[in-house]
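Novice: Below you will find the structure I want to go over with you.
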Amino acid sequence: MRNIVIRPRRHFRVPVEAERISPDVFAPLSIEEIRSLEVWEGNRRAALSELFDISGDDGPGRGDETQISLSGDFSRVKRVGEKMTCGRIAVAGDVGMHAGNGMAAGEILVDGNAGDWLGREMRGGRIKVLGDAGDYVGAGYRGESCGMRGGEILIDGNAGDYLGEHLCGGAITVLGDAGDFPGIANRGGTIVIGGDAHLPGAEMASGTITVGGRARVLPSYQYLETVEIEGLRFKKFLGDLVEEGKGELYAASVEEGRG
Amino acid sequence: MIIEGGIVYDPINGVLGEEMDISIEDGRVVEKAGGGEVIDARGMLVMPGGVDAHAHIAGGKVNTGRIMRPEDGRRGTEPRTKLLRPSTGYTVPNCYAIGYRYARLGYTTAFEAATPILEARHTHEELEEIPIIDKGALTLFGNNWEVLECVRDGDLGKLAAFVAWGLRASRGYGVKVVNPGGGEAWGFGGNVKGIDDPVPSFDVTPREIIRYLMRANEALRLPHSVHLHTNNLGKPGNYETTLETLRAVEDIAATRDRQVLHVTHMQFSAYGGTGWRDFESRASDIADYFNKHNQFTMDMGQLIFGSATTMTADAPLEYGNARLLKAKWSNHDIELEESSGVVPLVYGRKNPINAIQWAIGLELALLTEDPWQMIMTTDHPNGGPFVNYPEVVALLMSRRKREEEMATLHDLASKRTSLPSIEREMDWNDVAIVTRAGPARILGLQEKGHLGVGADGDVSIYEINPEKVDPSRDHEVVKAALARAKYTIKAGEVVARDGEVVAVPQGRTYWVDASVPEADAARVRADLVEKFAKYYSIQLSNYMVQDAYVTRPRVVRAGVI
């Protein structure tokens, strides 16, 4: 596999819009050509090589045999892997907002934390984060009626608020806790939260949310029965009834009190 | 400027595809120009600049659409250049994009179709920011309390005075009537179900509102007729309401050389059936009626597959849309004047209702024999964005294209409409009428829509030779040529070349200043002082659109004295 290594030359004080960092864009280019790709740093246009050290195997090569290794602090580098359809991006460190936005295939591995809007409107492929992820994982951006439609997002740590907002398909798994309103306004897809969740599935029309820890369940959810899944007991709910929703919510433990 | 040797279609002046030169000086067409730029248009189609008589391009509703649809804003973004400001949006473009995109299509004039007086300042703020094209706005009167009271009291003089005042207050161009009475009823959660259904609290009917406003419009000798969005619009079976409305005003005569009533986006008012299950086209009933009554005109409201944003002063209709589609929606109460709503939607080829609606627009245009009675619109962005006009023209010119399209649609488009049997294909003269000459004549714009001496120097030149290209067969060539004007000329200046904007002058804004007897005006003023004191959220002194909001006006005089 062709490996291209990118390291920040300095600390970024303003965000860098780096949607060009994608196997689809890099694959047909030589290292020299990759260096001259343009990105925006704030309101300033810059060559990729002004901001990053770029090394690795020279090209061109095939997209599905292209790996981009990001090494260092990419927490202010946005839109990495946007709309990618092949190849692999491996981040050793944190990655910024909108990583994997609209990706259709391929893989992103983050050995660190991911910013907000991870995998938003994703169509396919796989994203794995070993640390935590920010708000709006797999969500639809402002105004969209569908967030993620396909593919898979795995987060070993915790996720922020509005996990999988407007989810229409695909699967999101969070081993840790999720913040407020996971699965809000969902219209399909699957969300599994290993830890706790607060008010899951608000306005959910369809889809499935499973909470392995404690969940505060909205009063607009109807308790159906207690079921056993892989040896664990879950309370099963139907909702969100304010939207005449047919979503399924499973919670291992239900937090008492007002929603 | 001299445009040399183009093949000119100028229906108002009886020019049907003649090779001739057009001279422009000081922004106007002249007999012979003294010099200036020479444009070689040999072998190209030359027409007057396009005129859009009905589009939602500025004001509160449009901006609500933009706010509700950030996802639409992200579509169609084009970065700024040295000359151009950034463009955004597809169904609800930003102001700059509206001007640029019209210019690229060869359009030089467009009218905003619905402005409440209360929100007219916002409309003009946006019109001022739309570059290149000339524009104007129609003012909403059909649910205004003062109108309803004048109708109730049978006071035509006061009504005419109020219309004149409302046009001045809004710097508006004409009288728009949307679901008369229904918008007021909606303030109380209701609607009117037909033209004889009384409006709550006012004891007047839509029939009376329409008739009185038409009579006031004619008494004032306004350049445009009443511009009507019918009651029951968008509902199955509404063609009966539409025909009933027209029959109810057959006795009213126009006081100027134009139609007496323009019924807008007729596609939405030509439906048969008792519900969505037996929904069908009644376009042929409507077209038959128009073929026998040449005092009325209409526009298509053609549906375009894909994304649209419906926006109208017909708030109960939008509430219904939102419930039906489970879409996001906005509804708005405009104090004593109107209601309104915005709902985004997607028209699907395999959706039987949408497929039938698509066919109805085309049926209406093709079955109406006189093209002067039936002009082209998509009711932007209700039926679809105006950038799709080349697609509509190609459909009107090519039966083959219609058949190709119908093959991709739900089969009810063929079964519940007469479109498959319609052979008519428009020629370039018809196209010049339905996109330019007709809209200009219907709006009463004397200096638009033609290329006679004294006309505005607004010209569009397309890289297509009407003598060589067969539009029926080569419909794709037609569509491509119309989508990128070779030259768009606005007031004698090239504003677009090869489909790219090359100059950004500021256009003018039309409005109508109609004079009325002082006694009637005084009675209106007395009413208004009371209404503003009692009901409005703002002061009368802050209500009128000031001159500062219309920096390049083109005032058309009208009135009874």
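Every chain in the structure tokens has a letter given in the order shown (A, B, ...), and although residue numbers restart at 1 in each chain, ligands are simply numbered from 1 in the order shown.
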Need to verify the contact set: Met376 in chain B, 6 Å, only C-alpha atoms, exclusion of same-chain residues closer than 3 positions in sequence. Can you return it as a PDB file with N, CA and C atoms, in the first residue's frame?
Specialist:
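Result saved to around_5.pdb:
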ATOM      1  N   ASP B 299     -50.372  32.026 -16.390  1.00  0.00           N
ATOM      2  CA  ASP B 299     -49.022  31.500 -16.573  1.00  0.00           C
ATOM      3  C   ASP B 299     -48.978  30.070 -16.087  1.00  0.00           C
ATOM      4  N   MET B 300     -47.912  29.370 -16.514  1.00  0.00           N
ATOM      5  CA  MET B 300     -47.911  27.918 -16.364  1.00  0.00           C
ATOM      6  C   MET B 300     -47.792  27.429 -14.923  1.00  0.00           C
ATOM      7  N   VAL B 434     -44.087  33.610 -25.236  1.00  0.00           N
ATOM      8  CA  VAL B 434     -44.372  33.120 -23.879  1.00  0.00           C
ATOM      9  C   VAL B 434     -43.268  33.471 -22.884  1.00  0.00           C
ATOM     10  N   THR B 435     -42.091  33.862 -23.364  1.00  0.00           N
ATOM     11  CA  THR B 435     -41.004  34.191 -22.443  1.00  0.00           C
ATOM     12  C   THR B 435     -40.666  35.681 -22.415  1.00  0.00           C
TER      13      THR B 435
END
Novice: Can you tell me, as a ChimeraX atom specification, what residues are no more than 10 Å from Tyr162 in chain A when counting only C-alpha atoms, ignoring any on the same chain fewer than 4 positions away?
Specialist: /A:117,134-139,166,178-185,200-201
Novice: Restrict the selected residues to N, CA, C and O atoms and save them as an mmCIF file, in the first residue's frame.
Specialist:
data_model
loop_
_atom_site.group_PDB
_atom_site.id
_atom_site.type_symbol
_atom_site.label_atom_id
_atom_site.label_comp_id
_atom_site.auth_asym_id
_atom_site.auth_seq_id
_atom_site.Cartn_x
_atom_site.Cartn_y
_atom_site.Cartn_z
ATOM 1 N N TRP A 117 -19.140 16.824 14.454
ATOM 2 C CA TRP A 117 -19.623 16.487 13.111
ATOM 3 C C TRP A 117 -18.832 15.342 12.464
ATOM 4 O O TRP A 117 -18.736 15.266 11.246
ATOM 5 N N GLY A 134 -16.740 14.412 19.415
ATOM 6 C CA GLY A 134 -17.490 15.609 19.816
ATOM 7 C C GLY A 134 -18.983 15.464 19.568
ATOM 8 O O GLY A 134 -19.533 14.360 19.537
ATOM 9 N N ASP A 135 -19.641 16.607 19.400
ATOM 10 C CA ASP A 135 -21.087 16.630 19.176
ATOM 11 C C ASP A 135 -21.413 16.274 17.724
ATOM 12 O O ASP A 135 -20.582 16.378 16.845
ATOM 13 N N TYR A 136 -22.653 15.881 17.518
ATOM 14 C CA TYR A 136 -23.206 15.676 16.166
ATOM 15 C C TYR A 136 -22.490 14.582 15.364
ATOM 16 O O TYR A 136 -22.288 14.718 14.165
ATOM 17 N N VAL A 137 -22.077 13.514 16.016
ATOM 18 C CA VAL A 137 -21.483 12.393 15.273
ATOM 19 C C VAL A 137 -22.536 11.804 14.329
ATOM 20 O O VAL A 137 -23.667 11.500 14.747
ATOM 21 N N GLY A 138 -22.198 11.649 13.048
ATOM 22 C CA GLY A 138 -23.111 11.027 12.074
ATOM 23 C C GLY A 138 -24.383 11.822 11.825
ATOM 24 O O GLY A 138 -25.358 11.285 11.296
ATOM 25 N N ALA A 139 -24.397 13.105 12.179
ATOM 26 C CA ALA A 139 -25.615 13.902 12.064
ATOM 27 C C ALA A 139 -25.748 14.497 10.673
ATOM 28 O O ALA A 139 -24.868 14.358 9.828
ATOM 29 N N HIS A 166 -30.857 13.010 13.098
ATOM 30 C CA HIS A 166 -31.384 12.785 11.739
ATOM 31 C C HIS A 166 -30.781 11.571 11.058
ATOM 32 O O HIS A 166 -30.702 11.519 9.829
ATOM 33 N N ALA A 178 -23.007 8.741 25.981
ATOM 34 C CA ALA A 178 -23.421 9.737 24.987
ATOM 35 C C ALA A 178 -24.029 10.905 25.749
ATOM 36 O O ALA A 178 -24.545 10.732 26.855
ATOM 37 N N GLY A 179 -23.986 12.080 25.149
ATOM 38 C CA GLY A 179 -24.491 13.280 25.819
ATOM 39 C C GLY A 179 -25.995 13.425 25.669
ATOM 40 O O GLY A 179 -26.748 12.445 25.685
ATOM 41 N N ASP A 180 -26.455 14.654 25.528
ATOM 42 C CA ASP A 180 -27.887 14.933 25.417
ATOM 43 C C ASP A 180 -28.413 14.516 24.049
ATOM 44 O O ASP A 180 -27.736 14.682 23.033
ATOM 45 N N PHE A 181 -29.623 14.035 24.039
ATOM 46 C CA PHE A 181 -30.406 13.795 22.814
ATOM 47 C C PHE A 181 -29.723 12.928 21.754
ATOM 48 O O PHE A 181 -29.706 13.286 20.577
ATOM 49 N N PRO A 182 -29.149 11.794 22.109
ATOM 50 C CA PRO A 182 -28.667 10.909 21.041
ATOM 51 C C PRO A 182 -29.846 10.420 20.200
ATOM 52 O O PRO A 182 -30.932 10.160 20.733
ATOM 53 N N GLY A 183 -29.636 10.327 18.889
ATOM 54 C CA GLY A 183 -30.683 9.820 18.007
ATOM 55 C C GLY A 183 -31.863 10.744 17.864
ATOM 56 O O GLY A 183 -32.981 10.303 17.565
ATOM 57 N N ILE A 184 -31.653 12.052 17.999
ATOM 58 C CA ILE A 184 -32.789 12.970 17.878
ATOM 59 C C ILE A 184 -33.250 13.031 16.424
ATOM 60 O O ILE A 184 -32.439 13.055 15.496
ATOM 61 N N ALA A 185 -34.578 12.992 16.235
ATOM 62 C CA ALA A 185 -35.205 13.098 14.907
ATOM 63 C C ALA A 185 -34.727 12.024 13.944
ATOM 64 O O ALA A 185 -34.591 12.269 12.743
ATOM 65 N N PRO A 200 -32.597 9.893 25.004
ATOM 66 C CA PRO A 200 -32.378 9.360 23.655
ATOM 67 C C PRO A 200 -33.672 9.344 22.832
ATOM 68 O O PRO A 200 -34.755 9.190 23.382
ATOM 69 N N GLY A 201 -33.506 9.515 21.509
ATOM 70 C CA GLY A 201 -34.597 9.272 20.562
ATOM 71 C C GLY A 201 -35.693 10.311 20.520
ATOM 72 O O GLY A 201 -36.798 10.017 20.073
#
Novice: Using only C-alpha atoms, which residues sit within 9 Å of Ile117 in chain B once same-chain residues fewer than 5 positions away are excluded, as a list of chain:residue names?
Specialist: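 Selected residues are B:Thr139, B:Leu140, B:Phe141, B:Gly166, B:Leu167, B:Ala169, B:Ser170, B:Arg171, B:Gly172, B:Glu337, B:Tyr543, B:Met544, B:Val545.
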Novice: Would you output that residue set with all heavy atoms, as a compact mmCIF listing (two decimals), in the first residue's frame?
Specialist:
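Generated output (selection_2.txt):
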# COMPACT_ATOMS: atom_id res chain seq x y z
N THR B 139 -48.21 43.84 -5.09
CA THR B 139 -48.61 44.06 -3.70
C THR B 139 -49.87 43.25 -3.39
O THR B 139 -50.81 43.23 -4.18
CB THR B 139 -48.87 45.56 -3.47
OG1 THR B 139 -47.70 46.28 -3.85
CG2 THR B 139 -49.19 45.85 -2.02
N LEU B 140 -49.88 42.63 -2.22
CA LEU B 140 -51.01 41.78 -1.82
C LEU B 140 -52.16 42.62 -1.27
O LEU B 140 -51.97 43.46 -0.39
CB LEU B 140 -50.54 40.80 -0.74
CG LEU B 140 -49.62 39.69 -1.23
CD1 LEU B 140 -48.81 39.12 -0.07
CD2 LEU B 140 -50.43 38.58 -1.90
N PHE B 141 -53.36 42.37 -1.79
CA PHE B 141 -54.54 43.10 -1.33
C PHE B 141 -55.70 42.19 -0.92
O PHE B 141 -56.66 42.65 -0.31
CB PHE B 141 -55.04 44.05 -2.43
CG PHE B 141 -54.20 45.29 -2.61
CD1 PHE B 141 -53.26 45.37 -3.62
CD2 PHE B 141 -54.33 46.37 -1.74
CE1 PHE B 141 -52.49 46.52 -3.79
CE2 PHE B 141 -53.56 47.51 -1.90
CZ PHE B 141 -52.63 47.59 -2.92
N GLY B 166 -51.96 51.89 -1.18
CA GLY B 166 -51.18 50.68 -0.88
C GLY B 166 -50.03 50.48 -1.85
O GLY B 166 -48.94 50.06 -1.47
N LEU B 167 -50.28 50.80 -3.11
CA LEU B 167 -49.20 50.69 -4.10
C LEU B 167 -48.10 51.69 -3.78
O LEU B 167 -46.91 51.38 -3.87
CB LEU B 167 -49.72 50.91 -5.52
CG LEU B 167 -50.64 49.80 -6.07
CD1 LEU B 167 -51.18 50.20 -7.44
CD2 LEU B 167 -49.91 48.47 -6.16
N ALA B 169 -47.54 53.04 -0.77
CA ALA B 169 -46.93 52.67 0.52
C ALA B 169 -45.92 51.54 0.34
O ALA B 169 -44.90 51.50 1.03
CB ALA B 169 -48.02 52.24 1.49
N SER B 170 -46.19 50.63 -0.59
CA SER B 170 -45.31 49.47 -0.77
C SER B 170 -44.37 49.68 -1.95
O SER B 170 -43.56 48.81 -2.23
CB SER B 170 -46.15 48.22 -1.01
OG SER B 170 -46.93 48.37 -2.20
N ARG B 171 -44.47 50.81 -2.64
CA ARG B 171 -43.76 51.01 -3.91
C ARG B 171 -43.98 49.78 -4.79
O ARG B 171 -43.06 49.18 -5.33
CB ARG B 171 -42.26 51.23 -3.68
CG ARG B 171 -41.94 52.54 -2.95
CD ARG B 171 -42.30 53.75 -3.78
NE ARG B 171 -41.78 55.02 -3.26
CZ ARG B 171 -42.45 55.87 -2.50
NH1 ARG B 171 -43.71 55.61 -2.16
NH2 ARG B 171 -41.92 57.00 -2.09
N GLY B 172 -45.27 49.41 -4.89
CA GLY B 172 -45.65 48.20 -5.62
C GLY B 172 -46.10 48.51 -7.03
O GLY B 172 -46.40 49.66 -7.36
N GLU B 337 -53.13 42.07 7.16
CA GLU B 337 -52.97 42.02 5.71
C GLU B 337 -53.03 40.64 5.08
O GLU B 337 -53.67 40.44 4.07
CB GLU B 337 -51.64 42.68 5.34
CG GLU B 337 -51.61 44.13 5.80
CD GLU B 337 -50.33 44.84 5.46
OE1 GLU B 337 -49.49 44.25 4.74
OE2 GLU B 337 -50.16 45.98 5.91
N TYR B 543 -44.41 53.12 8.32
CA TYR B 543 -44.97 52.03 7.51
C TYR B 543 -44.63 52.18 6.04
O TYR B 543 -44.29 51.22 5.36
CB TYR B 543 -46.48 52.04 7.72
CG TYR B 543 -47.27 50.96 7.05
CD1 TYR B 543 -47.30 49.66 7.57
CD2 TYR B 543 -48.05 51.24 5.93
CE1 TYR B 543 -48.08 48.69 6.97
CE2 TYR B 543 -48.83 50.26 5.34
CZ TYR B 543 -48.85 49.00 5.86
OH TYR B 543 -49.61 48.03 5.28
N MET B 544 -44.70 53.41 5.56
CA MET B 544 -44.49 53.64 4.12
C MET B 544 -43.06 53.32 3.73
O MET B 544 -42.12 53.61 4.45
CB MET B 544 -44.74 55.11 3.78
CG MET B 544 -46.06 55.68 4.21
SD MET B 544 -47.44 55.18 3.19
CE MET B 544 -47.20 56.19 1.73
N VAL B 545 -42.89 52.73 2.55
CA VAL B 545 -41.55 52.55 2.00
C VAL B 545 -41.06 53.93 1.53
O VAL B 545 -41.69 54.57 0.69
CB VAL B 545 -41.57 51.57 0.81
CG1 VAL B 545 -40.20 51.50 0.15
CG2 VAL B 545 -42.03 50.19 1.27
Novice: Wanna dump the chain B-chain A contacts at 8 Å for me, each residue with its shortest atom pair and the distance in Å to one decimal, counting only C-alpha atoms, ordered by chain and number, as CSV?
Specialist:
residue,atom,partner,partner_atom,distance
B:Met68,CA,A:Gly143,CA,6.8
B:Arg69,CA,A:Gly143,CA,5.4
B:Pro70,CA,A:Gly143,CA,5.2
B:Glu71,CA,A:Gly143,CA,5.1
Novice: Hey, can you spit out that residue selection with C-alpha atoms as a PDB file, in the first residue's frame?
Specialist:
ATOM      1  CA  MET B  68     -35.161  27.374   6.864  1.00  0.00           C
ATOM      2  CA  ARG B  69     -32.979  25.788   4.219  1.00  0.00           C
ATOM      3  CA  PRO B  70     -29.287  26.141   4.957  1.00  0.00           C
ATOM      4  CA  GLU B  71     -28.902  22.886   3.028  1.00  0.00           C
TER       5      GLU B  71
END
Novice: Which of these residues is nearest to Val95 in chain A, using only C-alpha atoms: A:Ile229, A:Val5, A:Leu167, A:Val16?
Specialist: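 Nearest to Val95 in chain A: A:Val16.
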Novice: List every residue of range 113-236 of chain B that DSSP, applied to the backbone of this structure, assigns to helix (DSSP H, G or I), and report them as a PyMOL selection string.
Specialist: chain B and resi 117-129+145-153+156-170+182-186+206-219
Novice: Store the residues of this selection in a file with C-alpha atoms, as a CSV table (one decimal), in the first residue's frame.
Specialist:
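Output below, filename selection-v8.csv:
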chain,number,residue,atom,x,y,z
B,117,ILE,CA,-47.4,46.2,2.3
B,118,LEU,CA,-46.1,45.7,5.9
B,119,GLU,CA,-43.1,43.7,4.5
B,120,ALA,CA,-42.5,45.8,1.4
B,121,ARG,CA,-39.5,47.5,2.9
B,122,HIS,CA,-37.8,44.1,3.2
B,123,THR,CA,-38.8,43.3,-0.4
B,124,HIS,CA,-37.1,46.5,-1.6
B,125,GLU,CA,-34.0,45.9,0.5
B,126,GLU,CA,-33.6,42.7,-1.4
B,127,LEU,CA,-34.6,44.0,-4.8
B,128,GLU,CA,-31.9,46.7,-4.4
B,129,GLU,CA,-29.4,43.9,-3.9
B,145,TRP,CA,-58.9,44.5,6.4
B,146,GLU,CA,-59.3,47.8,4.7
B,147,VAL,CA,-60.1,46.0,1.4
B,148,LEU,CA,-62.6,43.7,3.1
B,149,GLU,CA,-64.3,46.6,4.7
B,150,CYS,CA,-64.6,48.6,1.5
B,151,VAL,CA,-66.0,45.5,-0.2
B,152,ARG,CA,-68.5,45.0,2.7
B,153,ASP,CA,-69.6,48.6,2.4
B,156,LEU,CA,-65.6,51.3,-4.7
B,157,GLY,CA,-64.2,54.8,-4.6
B,158,LYS,CA,-62.6,54.3,-1.2
B,159,LEU,CA,-61.3,50.9,-2.3
B,160,ALA,CA,-59.6,52.4,-5.4
B,161,ALA,CA,-58.1,55.1,-3.2
B,162,PHE,CA,-56.8,52.4,-0.8
B,163,VAL,CA,-55.3,50.4,-3.6
B,164,ALA,CA,-53.5,53.5,-4.9
B,165,TRP,CA,-52.3,54.3,-1.4
B,166,GLY,CA,-51.2,50.7,-0.9
B,167,LEU,CA,-49.2,50.7,-4.1
B,168,ARG,CA,-47.5,53.9,-3.0
B,169,ALA,CA,-46.9,52.7,0.5
B,170,SER,CA,-45.3,49.5,-0.8
B,182,GLY,CA,-58.8,32.5,2.9
B,183,GLY,CA,-55.7,34.2,4.4
B,184,GLU,CA,-57.9,36.3,6.7
B,185,ALA,CA,-59.9,33.2,7.8
B,186,TRP,CA,-56.6,31.4,8.5
B,206,PRO,CA,-64.1,35.8,-2.3
B,207,ARG,CA,-66.4,36.5,-5.3
B,208,GLU,CA,-67.0,40.0,-4.0
B,209,ILE,CA,-63.4,40.6,-3.1
B,210,ILE,CA,-62.2,39.6,-6.6
B,211,ARG,CA,-64.8,41.6,-8.4
B,212,TYR,CA,-64.3,44.7,-6.3
B,213,LEU,CA,-60.5,44.6,-6.6
B,214,MET,CA,-60.8,44.1,-10.4
B,215,ARG,CA,-63.2,47.0,-10.7
B,216,ALA,CA,-60.9,49.2,-8.6
B,217,ASN,CA,-57.9,48.0,-10.7
B,218,GLU,CA,-59.7,49.0,-13.9
B,219,ALA,CA,-61.0,52.3,-12.4
Novice: Can you tell me, as a ChimeraX atom specification, what residues are no more than 9 Å from Pro131 in chain B when counting only C-alpha atoms, ignoring any on the same chain fewer than 6 positions away?
Specialist: /B:95-100,504-507
Novice: Dump N, CA and C atoms for the selected residues as a PDB file, in the first residue's frame?
Specialist:
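File out20.pdb, as written:
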ATOM      1  N   CYS B  95     -29.417  37.072  -3.178  1.00  0.00           N
ATOM      2  CA  CYS B  95     -29.827  38.144  -4.094  1.00  0.00           C
ATOM      3  C   CYS B  95     -28.910  38.221  -5.311  1.00  0.00           C
ATOM      4  N   TYR B  96     -27.616  38.119  -5.086  1.00  0.00           N
ATOM      5  CA  TYR B  96     -26.676  38.270  -6.206  1.00  0.00           C
ATOM      6  C   TYR B  96     -26.898  37.163  -7.235  1.00  0.00           C
ATOM      7  N   ALA B  97     -27.038  35.939  -6.722  1.00  0.00           N
ATOM      8  CA  ALA B  97     -27.212  34.798  -7.631  1.00  0.00           C
ATOM      9  C   ALA B  97     -28.463  34.976  -8.486  1.00  0.00           C
ATOM     10  N   ILE B  98     -29.502  35.570  -7.922  1.00  0.00           N
ATOM     11  CA  ILE B  98     -30.735  35.758  -8.696  1.00  0.00           C
ATOM     12  C   ILE B  98     -30.437  36.620  -9.917  1.00  0.00           C
ATOM     13  N   GLY B  99     -29.756  37.741  -9.709  1.00  0.00           N
ATOM     14  CA  GLY B  99     -29.426  38.617 -10.835  1.00  0.00           C
ATOM     15  C   GLY B  99     -28.497  37.944 -11.832  1.00  0.00           C
ATOM     16  N   TYR B 100     -27.464  37.301 -11.347  1.00  0.00           N
ATOM     17  CA  TYR B 100     -26.488  36.673 -12.250  1.00  0.00           C
ATOM     18  C   TYR B 100     -27.147  35.570 -13.076  1.00  0.00           C
ATOM     19  N   VAL B 504     -21.963  44.212 -14.178  1.00  0.00           N
ATOM     20  CA  VAL B 504     -22.992  44.156 -13.138  1.00  0.00           C
ATOM     21  C   VAL B 504     -23.580  45.547 -12.893  1.00  0.00           C
ATOM     22  N   PRO B 505     -24.333  46.046 -13.866  1.00  0.00           N
ATOM     23  CA  PRO B 505     -25.007  47.323 -13.626  1.00  0.00           C
ATOM     24  C   PRO B 505     -26.172  47.120 -12.659  1.00  0.00           C
ATOM     25  N   GLN B 506     -26.685  48.219 -12.135  1.00  0.00           N
ATOM     26  CA  GLN B 506     -27.852  48.144 -11.256  1.00  0.00           C
ATOM     27  C   GLN B 506     -29.101  48.442 -12.076  1.00  0.00           C
ATOM     28  N   GLY B 507     -30.084  47.553 -11.995  1.00  0.00           N
ATOM     29  CA  GLY B 507     -31.314  47.763 -12.749  1.00  0.00           C
ATOM     30  C   GLY B 507     -32.247  48.736 -12.046  1.00  0.00           C
TER      31      GLY B 507
END
